[in-house]
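Raw contents of entry30.pdb, PDB, C-alpha atoms, pLDDT in the B column:
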ATOM      1  CA  MET A   1      21.521 137.460  47.821  1.00 58.00           C
ATOM      2  CA  THR A   2      18.845 139.831  49.108  1.00 70.00           C
ATOM      3  CA  ASN A   3      16.517 139.124  52.004  1.00 74.00           C
ATOM      4  CA  ILE A   4      13.623 138.879  49.542  1.00 75.00           C
ATOM      5  CA  ASP A   5      15.473 136.205  47.546  1.00 77.00           C
ATOM      6  CA  GLU A   6      16.460 134.391  50.727  1.00 78.00           C
ATOM      7  CA  LEU A   7      12.831 134.175  51.848  1.00 83.00           C
ATOM      8  CA  LYS A   8      11.577 133.140  48.404  1.00 78.00           C
ATOM      9  CA  ASN A   9      14.216 130.385  48.229  1.00 81.00           C
ATOM     10  CA  THR A  10      12.739 128.867  51.393  1.00 84.00           C
ATOM     11  CA  GLY A  11       9.191 129.054  50.012  1.00 84.00           C
ATOM     12  CA  LEU A  12       8.127 131.992  52.185  1.00 87.00           C
ATOM     13  CA  LYS A  13       6.603 135.159  50.784  1.00 89.00           C
ATOM     14  CA  ALA A  14       8.629 138.285  51.430  1.00 89.00           C
ATOM     15  CA  THR A  15       6.138 140.100  53.661  1.00 92.00           C
ATOM     16  CA  ILE A  16       7.067 143.264  55.540  1.00 92.00           C
ATOM     17  CA  PRO A  17       6.959 141.583  58.990  1.00 93.00           C
ATOM     18  CA  ARG A  18       9.179 138.717  57.782  1.00 93.00           C
ATOM     19  CA  LEU A  19      11.673 141.113  56.212  1.00 93.00           C
ATOM     20  CA  LYS A  20      11.803 143.268  59.350  1.00 94.00           C
ATOM     21  CA  ILE A  21      12.299 140.269  61.648  1.00 95.00           C
ATOM     22  CA  LEU A  22      15.028 138.819  59.418  1.00 94.00           C
ATOM     23  CA  GLU A  23      16.734 142.221  59.442  1.00 93.00           C
ATOM     24  CA  VAL A  24      16.660 142.282  63.273  1.00 95.00           C
ATOM     25  CA  PHE A  25      18.709 139.080  63.347  1.00 94.00           C
ATOM     26  CA  GLN A  26      21.094 140.240  60.628  1.00 93.00           C
ATOM     27  CA  ARG A  27      21.983 143.539  62.278  1.00 92.00           C
ATOM     28  CA  SER A  28      21.820 142.575  65.965  1.00 91.00           C
ATOM     29  CA  ALA A  29      25.076 142.485  67.915  1.00 88.00           C
ATOM     30  CA  GLN A  30      23.425 139.832  70.094  1.00 86.00           C
ATOM     31  CA  ARG A  31      23.255 136.502  68.214  1.00 88.00           C
ATOM     32  CA  HIS A  32      20.741 134.711  70.443  1.00 90.00           C
ATOM     33  CA  LEU A  33      17.385 136.473  70.670  1.00 92.00           C
ATOM     34  CA  THR A  34      14.083 135.571  72.299  1.00 91.00           C
ATOM     35  CA  ALA A  35      10.764 136.497  70.700  1.00 94.00           C
ATOM     36  CA  GLU A  36      10.484 139.270  73.293  1.00 93.00           C
ATOM     37  CA  ASP A  37      13.951 140.594  72.334  1.00 93.00           C
ATOM     38  CA  VAL A  38      12.887 140.777  68.676  1.00 95.00           C
ATOM     39  CA  PHE A  39       9.611 142.457  69.626  1.00 96.00           C
ATOM     40  CA  ARG A  40      11.452 145.080  71.740  1.00 95.00           C
ATOM     41  CA  VAL A  41      13.735 145.940  68.804  1.00 95.00           C
ATOM     42  CA  LEU A  42      10.743 146.267  66.495  1.00 96.00           C
ATOM     43  CA  LEU A  43       8.963 148.516  69.015  1.00 94.00           C
ATOM     44  CA  LYS A  44      12.048 150.691  69.325  1.00 94.00           C
ATOM     45  CA  ASP A  45      12.155 150.966  65.509  1.00 92.00           C
ATOM     46  CA  ARG A  46       8.456 151.897  65.571  1.00 92.00           C
ATOM     47  CA  SER A  47       7.559 148.874  63.445  1.00 91.00           C
ATOM     48  CA  ASP A  48       3.931 147.846  63.402  1.00 90.00           C
ATOM     49  CA  VAL A  49       4.535 144.127  64.081  1.00 93.00           C
ATOM     50  CA  GLY A  50       2.724 142.464  66.969  1.00 93.00           C
ATOM     51  CA  LEU A  51       4.160 139.915  69.380  1.00 95.00           C
ATOM     52  CA  ALA A  52       1.908 137.150  68.005  1.00 96.00           C
ATOM     53  CA  THR A  53       3.282 137.837  64.528  1.00 96.00           C
ATOM     54  CA  VAL A  54       6.840 137.674  65.880  1.00 96.00           C
ATOM     55  CA  TYR A  55       6.169 134.234  67.393  1.00 96.00           C
ATOM     56  CA  ARG A  56       4.537 133.005  64.185  1.00 96.00           C
ATOM     57  CA  VAL A  57       7.373 134.255  61.956  1.00 95.00           C
ATOM     58  CA  LEU A  58      10.058 132.807  64.246  1.00 96.00           C
ATOM     59  CA  THR A  59       8.356 129.408  63.988  1.00 95.00           C
ATOM     60  CA  GLN A  60       8.162 129.735  60.198  1.00 94.00           C
ATOM     61  CA  PHE A  61      11.833 130.740  60.014  1.00 94.00           C
ATOM     62  CA  GLU A  62      12.826 127.774  62.161  1.00 93.00           C
ATOM     63  CA  GLN A  63      10.814 125.383  59.972  1.00 92.00           C
ATOM     64  CA  ALA A  64      12.452 126.907  56.880  1.00 92.00           C
ATOM     65  CA  SER A  65      15.923 126.509  58.506  1.00 89.00           C
ATOM     66  CA  ILE A  66      16.579 130.251  58.416  1.00 92.00           C
ATOM     67  CA  LEU A  67      16.832 130.250  62.226  1.00 93.00           C
ATOM     68  CA  SER A  68      17.939 127.668  64.769  1.00 91.00           C
ATOM     69  CA  ARG A  69      16.194 127.411  68.133  1.00 91.00           C
ATOM     70  CA  SER A  70      17.811 126.558  71.456  1.00 86.00           C
ATOM     71  CA  HIS A  71      16.618 126.404  75.050  1.00 84.00           C
ATOM     72  CA  PHE A  72      19.098 127.605  77.634  1.00 77.00           C
ATOM     73  CA  GLU A  73      18.954 128.026  81.417  1.00 67.00           C
ATOM     74  CA  SER A  74      16.078 130.534  81.345  1.00 67.00           C
ATOM     75  CA  GLY A  75      13.768 127.991  79.745  1.00 73.00           C
ATOM     76  CA  LYS A  76      12.850 130.496  77.036  1.00 80.00           C
ATOM     77  CA  ALA A  77      13.443 129.640  73.405  1.00 88.00           C
ATOM     78  CA  VAL A  78      16.247 131.643  71.828  1.00 89.00           C
ATOM     79  CA  TYR A  79      16.812 131.916  68.106  1.00 93.00           C
ATOM     80  CA  GLU A  80      19.882 132.557  65.995  1.00 91.00           C
ATOM     81  CA  LEU A  81      20.567 132.769  62.282  1.00 92.00           C
ATOM     82  CA  ASN A  82      21.314 129.341  60.853  1.00 89.00           C
ATOM     83  CA  GLU A  83      24.592 129.857  59.048  1.00 84.00           C
ATOM     84  CA  GLY A  84      25.013 126.184  58.245  1.00 82.00           C
ATOM     85  CA  LYS A  85      27.969 125.572  60.548  1.00 86.00           C
ATOM     86  CA  HIS A  86      27.602 123.416  63.636  1.00 87.00           C
ATOM     87  CA  HIS A  87      28.658 124.965  66.931  1.00 88.00           C
ATOM     88  CA  ASP A  88      28.067 124.437  70.621  1.00 89.00           C
ATOM     89  CA  HIS A  89      27.253 126.943  73.359  1.00 88.00           C
ATOM     90  CA  LEU A  90      28.836 128.087  76.604  1.00 89.00           C
ATOM     91  CA  VAL A  91      26.229 129.833  78.771  1.00 86.00           C
ATOM     92  CA  CYS A  92      27.228 132.147  81.624  1.00 87.00           C
ATOM     93  CA  LEU A  93      25.197 131.463  84.776  1.00 85.00           C
ATOM     94  CA  ASP A  94      26.041 134.948  86.097  1.00 82.00           C
ATOM     95  CA  CYS A  95      24.774 137.122  83.244  1.00 79.00           C
ATOM     96  CA  GLY A  96      23.185 134.736  80.746  1.00 78.00           C
ATOM     97  CA  ARG A  97      25.616 135.632  77.961  1.00 81.00           C
ATOM     98  CA  VAL A  98      26.102 132.876  75.384  1.00 85.00           C
ATOM     99  CA  GLU A  99      29.406 132.186  73.652  1.00 87.00           C
ATOM    100  CA  GLU A 100      29.593 129.891  70.670  1.00 85.00           C
ATOM    101  CA  PHE A 101      32.447 127.467  70.128  1.00 90.00           C
ATOM    102  CA  TYR A 102      33.481 124.537  67.994  1.00 91.00           C
ATOM    103  CA  ASP A 103      35.941 121.903  69.176  1.00 92.00           C
ATOM    104  CA  ALA A 104      36.799 119.043  66.802  1.00 93.00           C
ATOM    105  CA  GLU A 105      38.053 116.880  69.664  1.00 95.00           C
ATOM    106  CA  ILE A 106      34.714 117.147  71.499  1.00 93.00           C
ATOM    107  CA  GLU A 107      32.843 116.360  68.275  1.00 93.00           C
ATOM    108  CA  ASN A 108      35.040 113.304  67.612  1.00 94.00           C
ATOM    109  CA  ARG A 109      34.648 112.078  71.178  1.00 95.00           C
ATOM    110  CA  GLN A 110      30.855 112.320  70.976  1.00 95.00           C
ATOM    111  CA  GLN A 111      30.885 110.253  67.781  1.00 95.00           C
ATOM    112  CA  ALA A 112      33.117 107.651  69.442  1.00 96.00           C
ATOM    113  CA  VAL A 113      30.861 107.398  72.509  1.00 96.00           C
ATOM    114  CA  ALA A 114      27.764 107.009  70.334  1.00 96.00           C
ATOM    115  CA  LYS A 115      29.449 104.337  68.215  1.00 96.00           C
ATOM    116  CA  ALA A 116      30.634 102.432  71.316  1.00 97.00           C
ATOM    117  CA  LYS A 117      27.056 102.457  72.634  1.00 96.00           C
ATOM    118  CA  GLY A 118      25.625 101.285  69.299  1.00 97.00           C
ATOM    119  CA  PHE A 119      24.267 104.601  68.059  1.00 96.00           C
ATOM    120  CA  THR A 120      24.742 106.891  65.098  1.00 95.00           C
ATOM    121  CA  ILE A 121      24.259 110.568  65.923  1.00 93.00           C
ATOM    122  CA  SER A 122      21.821 112.301  63.614  1.00 90.00           C
ATOM    123  CA  ASP A 123      21.920 115.636  65.431  1.00 85.00           C
ATOM    124  CA  HIS A 124      22.989 117.055  68.749  1.00 88.00           C
ATOM    125  CA  ALA A 125      23.194 120.237  70.778  1.00 85.00           C
ATOM    126  CA  LEU A 126      25.761 120.789  73.494  1.00 88.00           C
ATOM    127  CA  SER A 127      25.344 123.605  75.989  1.00 87.00           C
ATOM    128  CA  LEU A 128      27.812 124.038  78.822  1.00 90.00           C
ATOM    129  CA  TYR A 129      26.670 126.112  81.813  1.00 89.00           C
ATOM    130  CA  ALA A 130      29.415 127.872  83.750  1.00 90.00           C
ATOM    131  CA  ASN A 131      30.244 130.793  86.008  1.00 89.00           C
ATOM    132  CA  CYS A 132      32.525 133.510  84.685  1.00 86.00           C
ATOM    133  CA  VAL A 133      35.864 133.685  86.507  1.00 87.00           C
ATOM    134  CA  LYS A 134      37.119 136.890  84.869  1.00 80.00           C
ATOM    135  CA  ASP A 135      37.812 139.561  87.480  1.00 79.00           C
ATOM    136  CA  ASN A 136      36.814 142.418  85.196  1.00 79.00           C
ATOM    137  CA  CYS A 137      34.066 140.795  83.166  1.00 76.00           C
ATOM    138  CA  PRO A 138      32.340 143.578  81.203  1.00 74.00           C
ATOM    139  CA  HIS A 139      29.208 141.463  80.821  1.00 71.00           C
ATOM    140  CA  ARG A 140      28.847 141.032  84.587  1.00 68.00           C
ATOM    141  CA  ALA A 141      29.122 144.804  84.999  1.00 61.00           C
ATOM    142  CA  GLU A 142      26.413 145.293  82.336  1.00 63.00           C
ATOM    143  CA  MET A 143      24.122 142.831  84.119  1.00 61.00           C
ATOM    144  CA  GLU A 144      24.645 144.491  87.517  1.00 61.00           C
ATOM    145  CA  SER A 145      23.972 147.863  85.933  1.00 60.00           C
ATOM    146  CA  GLU A 146      20.722 146.577  84.385  1.00 55.00           C
ATOM    147  CA  ARG A 147      19.631 145.058  87.709  1.00 50.00           C
ATOM    148  CA  GLY A 148      20.307 148.380  89.451  1.00 58.00           C
ATOM    149  CA  SER A 149      18.223 150.337  86.955  1.00 50.00           C
ATOM    150  CA  VAL A 150      15.342 147.845  87.263  1.00 45.00           C
ATOM    151  CA  SER A 151      15.470 148.163  91.075  1.00 48.00           C
ATOM    152  CA  ALA A 152      15.444 151.948  90.790  1.00 51.00           C
ATOM    153  CA  GLU A 153      12.420 151.823  88.470  1.00 49.00           C
ATOM    154  CA  ARG A 154      10.473 149.686  90.971  1.00 46.00           C
ATOM    155  CA  SER A 155      11.159 152.110  93.847  1.00 50.00           C
TER     156      SER A 155
END
File written out as structure tokens:
Amino acid sequence: MTNIDELKNTGLKATIPRLKILEVFQRSAQRHLTAEDVFRVLLKDRSDVGLATVYRVLTQFEQASILSRSHFESGKAVYELNEGKHHDHLVCLDCGRVEEFYDAEIENRQQAVAKAKGFTISDHALSLYANCVKDNCPHRAEMESERGSVSAERS
């Protein structure tokens, strides 16, 4: 299915800004993107899409279930393609990297707790916040490198 068909199937017109923003998510190595992340990619690609348009399209995509929105430690909304499979998130407190995971035992336990308390879960989001314990974490090195370049720019 093409991006145009995908948008039309959700009831959205296939406008150039929508197609470009959908493409950013499809080709990005990073799965969880803020509106500012999307805008930076579009700027780098010399696309003529404003930040207000990015916010508006992200909201439309979320309402159409093309994207899923989460709020992690930073407090900023992050979006990811909705691929129809439930997963939870492990968020690194050192670099902000997000890893997705699915654990059937955790899912079953949540259902059991809800049932024992007299509830039926209609939806849930689980985000675990942790510090990386890997000695040679490549993501930590990337973050330290980025912090160093920002400090150098301010000097």
Would you compute, for all listed atoms of stretch 27-39 of chain A, the axis-aligned bounding box grown by 3 Å on each side, and then report its centre and edge lengths in Å rounded to one decimal, as AutoDock Vina command-line options?
--center_x 17.3 --center_y 139.1 --center_z 67.8 --size_x 21.5 --size_y 14.8 --size_z 17.0
inquiry  = Using all atoms listed in the file for the distances, tell me which of A:Phe72, A:Tyr102, A:Phe39, A:Tyr129 is nearest to A:Val57.
reply    =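 Under the stated criterion, the closest residue is A:Phe39.
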task = Find the residue from A:Thr2, A:Ser122, A:Gln60, A:Ser28 that sits nearest to A:Leu42; use only C-alpha atoms when measuring.
result = A:Ser28
query = With all atoms listed in the file as the basis for distance, which of A:Lys44, A:His139, A:Arg56, A:Arg109 is at the shortest distance from A:Pro17?
reply =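 Closest candidate: A:Arg56.
In terms of minimum interatomic distance to A:Arg46, A:Lys20 ranks closest within A:Arg27, A:Lys8, A:His71, A:Lys20, counting all atoms listed in the file.
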What would the file be for stretch 69-123 of chain A if you keep C-alpha atoms and write it as a PDB file, in the first residue's frame?
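Below you can see selection_19.pdb, which holds the result:
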ATOM      1  CA  ARG A  69       1.710   9.390  21.233  1.00  0.00           C
ATOM      2  CA  SER A  70       3.603   8.885  24.481  1.00  0.00           C
ATOM      3  CA  HIS A  71       4.972  11.185  27.164  1.00  0.00           C
ATOM      4  CA  PHE A  72       8.302  10.164  28.628  1.00  0.00           C
ATOM      5  CA  GLU A  73      10.630  11.732  31.203  1.00  0.00           C
ATOM      6  CA  SER A  74      11.196  14.935  29.206  1.00  0.00           C
ATOM      7  CA  GLY A  75       7.512  15.807  29.370  1.00  0.00           C
ATOM      8  CA  LYS A  76       7.443  16.318  25.603  1.00  0.00           C
ATOM      9  CA  ALA A  77       5.072  14.289  23.474  1.00  0.00           C
ATOM     10  CA  VAL A  78       6.823  11.718  21.311  1.00  0.00           C
ATOM     11  CA  TYR A  79       5.205   9.968  18.383  1.00  0.00           C
ATOM     12  CA  GLU A  80       5.790   6.623  16.722  1.00  0.00           C
ATOM     13  CA  LEU A  81       4.184   4.754  13.854  1.00  0.00           C
ATOM     14  CA  ASN A  82       1.235   2.707  15.064  1.00  0.00           C
ATOM     15  CA  GLU A  83       1.986  -0.750  13.739  1.00  0.00           C
ATOM     16  CA  GLY A  84      -0.931  -2.345  15.545  1.00  0.00           C
ATOM     17  CA  LYS A  85       1.135  -4.355  18.018  1.00  0.00           C
ATOM     18  CA  HIS A  86       1.126  -3.486  21.701  1.00  0.00           C
ATOM     19  CA  HIS A  87       4.502  -2.885  23.317  1.00  0.00           C
ATOM     20  CA  ASP A  88       5.907  -1.188  26.382  1.00  0.00           C
ATOM     21  CA  HIS A  89       8.884   1.146  26.747  1.00  0.00           C
ATOM     22  CA  LEU A  90      12.161   1.152  28.647  1.00  0.00           C
ATOM     23  CA  VAL A  91      13.523   4.706  28.865  1.00  0.00           C
ATOM     24  CA  CYS A  92      17.184   5.398  29.649  1.00  0.00           C
ATOM     25  CA  LEU A  93      17.577   8.163  32.242  1.00  0.00           C
ATOM     26  CA  ASP A  94      21.174   8.753  31.094  1.00  0.00           C
ATOM     27  CA  CYS A  95      20.640   9.443  27.391  1.00  0.00           C
ATOM     28  CA  GLY A  96      16.875   9.390  26.856  1.00  0.00           C
ATOM     29  CA  ARG A  97      17.005   6.448  24.449  1.00  0.00           C
ATOM     30  CA  VAL A  98      13.800   4.403  24.329  1.00  0.00           C
ATOM     31  CA  GLU A  99      13.731   0.642  23.838  1.00  0.00           C
ATOM     32  CA  GLU A 100      10.510  -1.159  23.081  1.00  0.00           C
ATOM     33  CA  PHE A 101       9.657  -4.537  24.556  1.00  0.00           C
ATOM     34  CA  TYR A 102       6.800  -6.964  24.946  1.00  0.00           C
ATOM     35  CA  ASP A 103       6.579  -9.434  27.816  1.00  0.00           C
ATOM     36  CA  ALA A 104       3.567 -11.769  27.958  1.00  0.00           C
ATOM     37  CA  GLU A 105       4.108 -12.442  31.659  1.00  0.00           C
ATOM     38  CA  ILE A 106       3.914  -8.721  32.495  1.00  0.00           C
ATOM     39  CA  GLU A 107       0.785  -8.369  30.350  1.00  0.00           C
ATOM     40  CA  ASN A 108      -0.866 -11.358  32.065  1.00  0.00           C
ATOM     41  CA  ARG A 109       0.050 -10.063  35.508  1.00  0.00           C
ATOM     42  CA  GLN A 110      -1.474  -6.654  34.768  1.00  0.00           C
ATOM     43  CA  GLN A 111      -4.715  -8.331  33.685  1.00  0.00           C
ATOM     44  CA  ALA A 112      -4.743 -10.420  36.871  1.00  0.00           C
ATOM     45  CA  VAL A 113      -4.179  -7.372  39.098  1.00  0.00           C
ATOM     46  CA  ALA A 114      -6.956  -5.446  37.350  1.00  0.00           C
ATOM     47  CA  LYS A 115      -9.347  -8.388  37.659  1.00  0.00           C
ATOM     48  CA  ALA A 116      -8.516  -8.850  41.366  1.00  0.00           C
ATOM     49  CA  LYS A 117      -9.271  -5.157  41.940  1.00  0.00           C
ATOM     50  CA  GLY A 118     -12.553  -5.339  40.008  1.00  0.00           C
ATOM     51  CA  PHE A 119     -11.412  -3.708  36.781  1.00  0.00           C
ATOM     52  CA  THR A 120     -11.192  -4.595  33.120  1.00  0.00           C
ATOM     53  CA  ILE A 121      -8.286  -2.935  31.323  1.00  0.00           C
ATOM     54  CA  SER A 122      -9.329  -1.110  28.182  1.00  0.00           C
ATOM     55  CA  ASP A 123      -5.879   0.287  27.421  1.00  0.00           C
TER      56      ASP A 123
END
